[in-house]
Structure formats: C-alpha cells, structure tokens
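These notes concern the structure reproduced below.
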Number of protein chains: 2
Amino acid sequence: MEESSNGKEAMNEQKEEEQSEEGPHNYDAAKYERPSVTVDVLMMSLRQRDLQMLLIKRRSWPYEGMWAIPGGFINMDESLETAAKRELQEETGVEDVYLEQLYTFGNPGRDPRTRVITVVYFALLDSELLQVSAASDATDVGWFSVYDLPPLAFDHQMIVEYALNRLRGKLEYTTIAFNLLPEQFTLRELQWVYEIILHKKLDKRNFRKKILSTNILEDTGAKKMEGTHRPARLYRFNPEAESKL
Amino acid sequence: MEESSNGKEAMNEQKEEEQSEEGPHNYDAAKYERPSVTVDVLMMSLRQRDLQMLLIKRRSWPYEGMWAIPGGFINMDESLETAAKRELQEETGVEDVYLEQLYTFGNPGRDPRTRVITVVYFALLDSELLQVSAASDATDVGWFSVYDLPPLAFDHQMIVEYALNRLRGKLEYTTIAFNLLPEQFTLRELQWVYEIILHKKLDKRNFRKKILSTNILEDTGAKKMEGTHRPARLYRFNPEAESKL
DNA sequence: TTAATAGTGTCTCTTAGACAGTATCCC
DNA sequence: GGGATACTGTCTAAGAGACACTATTAA
C-alpha cells in the first residue's frame, strides 16, 4: 500500500464553538503555530555496477557546501506523493518511477532555521531512463555511491541507512529489484542488482534456480551479446505471475 | 529504527539573500502557506480474546457523531514521537508501550476544514496495563474489535487496514507480539495473540515447536492455574536471545 | 584454440506442516 | 473417574545452500 488517496481528521475546529473542554478535541487550528512541511526524495539507481544516489550541494547556511538529499516545500494543493514526483521531475526529468514513502522525520531542532517536518520518499530509477534525461545543471547535483558517500548535511546519513535497510528488506519478498533494470535484462544483470544491494556475492546457480522457479520472468527470445563470449538470454518482468519471491 | 533524533533540511532560506534563481533551493519559508500537522495514534490491545482498538466519537463537524482514531496537533517544540506519546497518555494514561510510526497521510481534501498532514503512529498495549488505568470519560471513548468496527470518520477505515497489514507482516519476523502480553504468559496465550491477529487457527504443536526453538522464551518456573484442568507453565520474553523468528 | 561468460543438476540439511495420544489438574 | 486443557514427537515435502562442469560466442 503506497500513499493512495485518503482522508484524515484533525481534531481541531476552525470555529469558536464548543470551547468547553481543554481536551484535544476542540482545538482551533488558527491558535497553533504550524511547522513547515517538506518532502525529500532519496533517488537511487544502478550506475557503473554500483548503487548510487542523487545528492544536491547546499549553497547556503546551514551546512553550506555539504551534500544533501533533494527536497522542497509542499504546496497546499498537492499530495505528498505529487510533491515527491515533482521533486523527482525537477531533479532528473524522469517520471513514472517506483516511489515509496519511507518515513517522516520531525524532531524539533532538526533544522536550525525553523521547525521542519519532512516526509521522505525513496525512488528507484531504471538506469537506462536516466542516461537519456541526463542531469540539470552540473556542479551542484551529483550521483554518489551509497557505499562511499561524502559527509551529508543534517542527519541525512541516517536517512540513507534507513532507506538501505528498507530496500534490503523488500528485496527478499517483493519484486522491487526490477525497478532498477530496463525492460529487458539478463539474469546476470538481475543478480548484480541483488548482489550490489545486499552487498554480498550470491551463488549463480541457486540464484537462477530461485528466480526462475517463481515464474516472474518471461523469456523475450532475444539475446544480449556483449564481449567475446556466449550471449545471454534477455528476460522481461512479468507482473502477472504470482510473485511468491 | 523508530523515530530517533535526526535532522533534515528545508531548502528554504529565511533571509532574503540569494534570490537569484527560481529553483527550489532558495525558497523563503515565510512565503509559504503551511499545512496543519497532526499526529494520530492507533492503539491496539487484546481484550476479551479479541484484537481491539481505541476510538473517539467526534462531537462536531465534519463527521459529527462518527468514530475516529484519536489524534491532535503537534506542538512546535515536541517530536512526532513525543506527540504520539502525549496522545497515548491522554487517552489511556499508559506510558512505555510499543509505538511505531505507521505512515503519513497528506492528501489535500482529506479534511474538509483545512489542509492537514497527519503522521499516524500505532501502539500496542499490554492488556493488563490497560485494565489498571481504565479510561478517561466514557461515552465518547471506546474499544472496538478491529473485526467489527463502526463506520469511521474520514478514511480511517483504510488506515486501520494499513496498520493490520503492517502488524501481520511484522508478526512473522519480529517479536512484536510480546507487546500485547503481560510480562508473564502461557504458550497458549501467546498462540492466541498470533491466532487473533492472523485471524486463523494455528496448529498447537507446530506453534510451540517453532516458538521454543528460537529460545526467546524463558521458563519462569511459575504456573498459571485457571479452571479445572492442568496448569500451564508461565514464560517470560527474553529479549537477549537472538530472535530469528 | 583460447578467452570469457552463459548456462545447468545433485545432494544435504533445515524448516513447515499434517497429524493423535498422554499428562495433570479440579471436581 | 470425568471433564478440561497442557503438553509432546514423527513423518513428509519443500526450500536453501554448497558445489563444478559444459555450452556458446568472437577473436
């Protein structure tokens, strides 16, 4: 279940009626100072056989000159997920990618400027898509290996670790990995995805046996030749087949 | 990883400097209208051999008279988790319970009054604790079986389903279930927790075999006698032992 | 033919699930 | 002893992991 449309209540009253109790049910929203709400998007992709993420160099206080996860304020008329997609679009020019709400961080003092509550999403980008729509500017946006990050602003280091844990967890029982590959791919490429994310080598035979036994792959008939060796079959992800990973 | 202290940035500048680009990095927070932020807490407990949750009856528009998940505005100087604990304390008088951030809902229009972003936590309460600190008032707070809920305000029905999914998922690979039991409990009681949450019967022998093989239970030596039959051993959760559930 | 990677099968061990009878308490 | 629930063990099937050789291509 991702964002999805929904509703929620607020336990506050805009009107002045019912000011009987001091309980939490009759608050007046206007009485309350409101925190700023931002949406950050942690974008990951497979580049150069490495798991990399996009960072932005901060140009002002606080943490001036340090790298940070891209994000921005939410508009009053857009959903959290829409804000995340907007951010994604602004930074990479890419749409229709895997996007999942990660966690919401809201400790006071997280940001020295003001009270900021940040809803963090994380996105997985198909490496090929990315090459097409290169990047916006140059010097203040960059892809970095998650295994060799520069010092990050705020506690973005912790957020990255949180995301990595989530990703590794879901790798085992979902088909999330396919979001990092183009439409067609070889089994070896799929294995690389798992190896890079789990950060350990896997047995080729066991891996293929397991993946193929789930029937989530469809043989395209095509082959991928590269280098001076036997070509590899190209597969396609079949979202229909019961995953049962 | 739960809330935890942290930091996060806002991509906005309070000062007027650097108004060169219209990019998302130089926003002025003051320019932005801010949404209201609330924290709701979905409290679950085992009562009368049933999984029940606490609801509050709304006393005003919108959804007047309907039941809703308790929640309230966040204060500017408290963390999300602190706000959740405050809510928990206000509604049940209970502290030190299992508390986990569930999801953040923020679609515009969720609340007809104003733009509200709600961070939902969910809490698991030991059934015994609860009996002690009964409830606050009476008619507008109540415990309901999650399997037989009244119509809920907003889209709280969906939030409940989301929470149930999370709970069921975590039941399999974490020790989350123990949070619903008092310090000492019998194996049969533990099995009830699983059966009630998963909503299906489990095989007694297989269940005991599996639980005991993990060594997360410690025999207290005591026994629990109730009714006219053989007394049951009382166990205690041993958080040390590698879970490996 | 060589270099380089694709592709394949077996055995073992552990785990999950089906299944029924004995033990111990109170009355 | 009857009623009620606690407690226990075996078999089978499926899945996980260790492990090494053949197949196919370009040069």
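Each chain in the structure tokens gets a letter, A, B and so on, in the order shown; residues start at 1 in every chain, and ligands are counted from 1 in the order they appear.
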Closest atom pairs, residues of chain D within 10 Å of stretch 204-217 of chain A, only C-alpha atoms (C1' of nucleotides), as CSV:
residue,atom,partner,partner_atom,distance
D:DG15,C1',A:Lys210,CA,9.4
D:DA16,C1',A:Asn206,CA,8.4
D:DG17,C1',A:Asn206,CA,7.6
D:DA18,C1',A:Asn206,CA,9.6
D:DC19,C1',A:Arg205,CA,9.8
So which residues touch stretch 2-8 of chain D within 12 Å, counting only C-alpha atoms (C1' of nucleotides), skipping near sequence neighbours fewer than 5 positions away, as a list in words?
->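 Result of the neighbour search: Thr186, Leu187, Arg188, Lys204, Arg205, Asn206, Arg208, Lys209, Lys223, Lys224, Met225, Glu226, Gly227, Thr228, His229, Arg230, Pro231, Ala232, Arg233 and Leu234 of chain B; DA20, DG21, DT22, DA23, DT24, DC25, DC26 and DC27 of chain C.
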Tell me, counting only C-alpha atoms (C1' of nucleotides), for each residue of chain D within 7 Å of chain A, which pair of atoms is nearest and how far apart they are in Å to one decimal, in rows ordered by chain and increasing number, as JSON lines.
{"residue": "D:DT24", "atom": "C1'", "partner": "A:Arg230", "partner_atom": "CA", "distance": 4.5}
{"residue": "D:DT25", "atom": "C1'", "partner": "A:Arg230", "partner_atom": "CA", "distance": 4.1}
{"residue": "D:DA26", "atom": "C1'", "partner": "A:Thr228", "partner_atom": "CA", "distance": 4.6}
Export, as an mmCIF file, in the first residue's frame, the selected residues with C-alpha atoms (C1' of nucleotides).
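part-v2.cif was written with the following content:
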data_model
loop_
_atom_site.group_PDB
_atom_site.id
_atom_site.type_symbol
_atom_site.label_atom_id
_atom_site.label_comp_id
_atom_site.auth_asym_id
_atom_site.auth_seq_id
_atom_site.Cartn_x
_atom_site.Cartn_y
_atom_site.Cartn_z
ATOM 1 C "C1'" DT D 24 28.486 -20.821 -26.968
ATOM 2 C "C1'" DT D 25 30.261 -16.919 -28.890
ATOM 3 C "C1'" DA D 26 34.186 -13.662 -31.105
#
Could you pull out the residues in stretch 50-172 of chain A that DSSP calls helix (DSSP H, G or I) from the backbone, as a PyMOL selection string?
-> chain A and resi 80-92+127-132+156-172
Mind running chain C against chain A at 8 Å and telling me each contacting residue's nearest atom pair with the distance in Å (one decimal), counting only C-alpha atoms (C1' of nucleotides), chain and number ascending, as JSON lines?
{"residue": "C:DA3", "atom": "C1'", "partner": "A:Thr228", "partner_atom": "CA", "distance": 7.8}
{"residue": "C:DA4", "atom": "C1'", "partner": "A:His229", "partner_atom": "CA", "distance": 5.3}
{"residue": "C:DT5", "atom": "C1'", "partner": "A:His229", "partner_atom": "CA", "distance": 5.6}
{"residue": "C:DA6", "atom": "C1'", "partner": "A:Arg230", "partner_atom": "CA", "distance": 5.8}
{"residue": "C:DT8", "atom": "C1'", "partner": "A:Arg205", "partner_atom": "CA", "distance": 7.8}
Just write the chosen residues, all heavy atoms, as a compact mmCIF listing (two decimals), in the first residue's frame.
# COMPACT_ATOMS: atom_id res chain seq x y z
P DA C 3 43.79 -18.48 -23.12
OP1 DA C 3 45.23 -18.15 -22.93
OP2 DA C 3 43.17 -19.57 -22.33
O5' DA C 3 42.95 -17.16 -22.90
C5' DA C 3 42.82 -16.21 -23.97
C4' DA C 3 41.50 -15.47 -23.82
O4' DA C 3 40.45 -16.20 -24.51
C3' DA C 3 41.04 -15.30 -22.37
O3' DA C 3 40.51 -14.00 -22.24
C2' DA C 3 39.94 -16.36 -22.24
C1' DA C 3 39.34 -16.34 -23.64
N9 DA C 3 38.63 -17.55 -24.04
C8 DA C 3 38.96 -18.85 -23.75
N7 DA C 3 38.14 -19.73 -24.28
C5 DA C 3 37.20 -18.95 -24.95
C6 DA C 3 36.06 -19.28 -25.72
N6 DA C 3 35.66 -20.54 -25.94
N1 DA C 3 35.35 -18.26 -26.25
C2 DA C 3 35.76 -17.01 -26.02
N3 DA C 3 36.82 -16.58 -25.32
C4 DA C 3 37.50 -17.61 -24.81
P DA C 4 40.21 -13.37 -20.80
OP1 DA C 4 40.61 -11.94 -20.85
OP2 DA C 4 40.76 -14.29 -19.76
O5' DA C 4 38.63 -13.42 -20.70
C5' DA C 4 37.87 -12.65 -21.61
C4' DA C 4 36.46 -13.14 -21.54
O4' DA C 4 36.39 -14.47 -22.12
C3' DA C 4 35.95 -13.30 -20.10
O3' DA C 4 34.90 -12.37 -19.88
C2' DA C 4 35.45 -14.72 -20.03
C1' DA C 4 35.33 -15.12 -21.49
N9 DA C 4 35.45 -16.57 -21.68
C8 DA C 4 36.35 -17.43 -21.12
N7 DA C 4 36.17 -18.69 -21.46
C5 DA C 4 35.06 -18.64 -22.30
C6 DA C 4 34.35 -19.64 -22.99
N6 DA C 4 34.68 -20.94 -22.95
N1 DA C 4 33.30 -19.26 -23.73
C2 DA C 4 32.98 -17.96 -23.77
N3 DA C 4 33.56 -16.92 -23.16
C4 DA C 4 34.60 -17.35 -22.44
P DT C 5 34.40 -12.04 -18.38
OP1 DT C 5 34.29 -10.58 -18.33
OP2 DT C 5 35.24 -12.79 -17.42
O5' DT C 5 32.92 -12.65 -18.32
C5' DT C 5 31.98 -12.16 -19.27
C4' DT C 5 31.03 -13.25 -19.63
O4' DT C 5 31.72 -14.45 -20.01
C3' DT C 5 30.10 -13.66 -18.48
O3' DT C 5 28.77 -13.46 -18.94
C2' DT C 5 30.40 -15.13 -18.27
C1' DT C 5 30.92 -15.54 -19.65
N1 DT C 5 31.71 -16.77 -19.64
C2 DT C 5 31.33 -17.80 -20.45
O2 DT C 5 30.38 -17.75 -21.21
N3 DT C 5 32.12 -18.93 -20.36
C4 DT C 5 33.21 -19.12 -19.54
O4 DT C 5 33.84 -20.17 -19.55
C5 DT C 5 33.56 -17.98 -18.71
C7 DT C 5 34.74 -18.06 -17.80
C6 DT C 5 32.81 -16.87 -18.80
P DA C 6 27.46 -13.84 -18.15
OP1 DA C 6 26.49 -12.77 -18.33
OP2 DA C 6 27.82 -14.34 -16.81
O5' DA C 6 26.97 -15.10 -19.01
C5' DA C 6 26.53 -14.86 -20.34
C4' DA C 6 25.80 -16.07 -20.87
O4' DA C 6 26.69 -17.20 -20.90
C3' DA C 6 24.61 -16.49 -20.04
O3' DA C 6 23.57 -16.90 -20.92
C2' DA C 6 25.14 -17.64 -19.19
C1' DA C 6 26.24 -18.24 -20.04
N9 DA C 6 27.41 -18.69 -19.29
C8 DA C 6 28.19 -17.95 -18.45
N7 DA C 6 29.18 -18.62 -17.92
C5 DA C 6 29.05 -19.90 -18.44
C6 DA C 6 29.78 -21.09 -18.26
N6 DA C 6 30.86 -21.17 -17.47
N1 DA C 6 29.37 -22.19 -18.92
C2 DA C 6 28.30 -22.09 -19.72
N3 DA C 6 27.53 -21.03 -19.97
C4 DA C 6 27.95 -19.96 -19.29
P DT C 8 19.74 -23.12 -18.56
OP1 DT C 8 18.66 -23.30 -19.52
OP2 DT C 8 19.60 -22.23 -17.39
O5' DT C 8 20.16 -24.56 -18.01
C5' DT C 8 21.05 -25.38 -18.75
C4' DT C 8 21.68 -26.42 -17.85
O4' DT C 8 22.88 -25.87 -17.22
C3' DT C 8 20.81 -26.92 -16.69
O3' DT C 8 20.91 -28.33 -16.66
C2' DT C 8 21.44 -26.30 -15.46
C1' DT C 8 22.89 -26.26 -15.87
N1 DT C 8 23.72 -25.28 -15.14
C2 DT C 8 24.90 -25.70 -14.61
O2 DT C 8 25.31 -26.83 -14.68
N3 DT C 8 25.60 -24.72 -13.96
C4 DT C 8 25.23 -23.39 -13.80
O4 DT C 8 25.94 -22.60 -13.20
C5 DT C 8 23.97 -23.02 -14.40
C7 DT C 8 23.48 -21.61 -14.29
C6 DT C 8 23.28 -23.97 -15.03
Counting only C-alpha atoms, the residue of B:Ile69, B:Leu125, B:Ile197, B:Ala177 that sits nearest chain A =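 Looking at the shortest contact to chain A, the residue is B:Ile69.
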If you measure from atom CA of B:Leu152 to atom CA of B:Leu80, what distance in Å do you get, rounded to one decimal?
->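 Straight-line distance from atom CA of B:Leu152 to atom CA of B:Leu80 works out to 23.7 Å.
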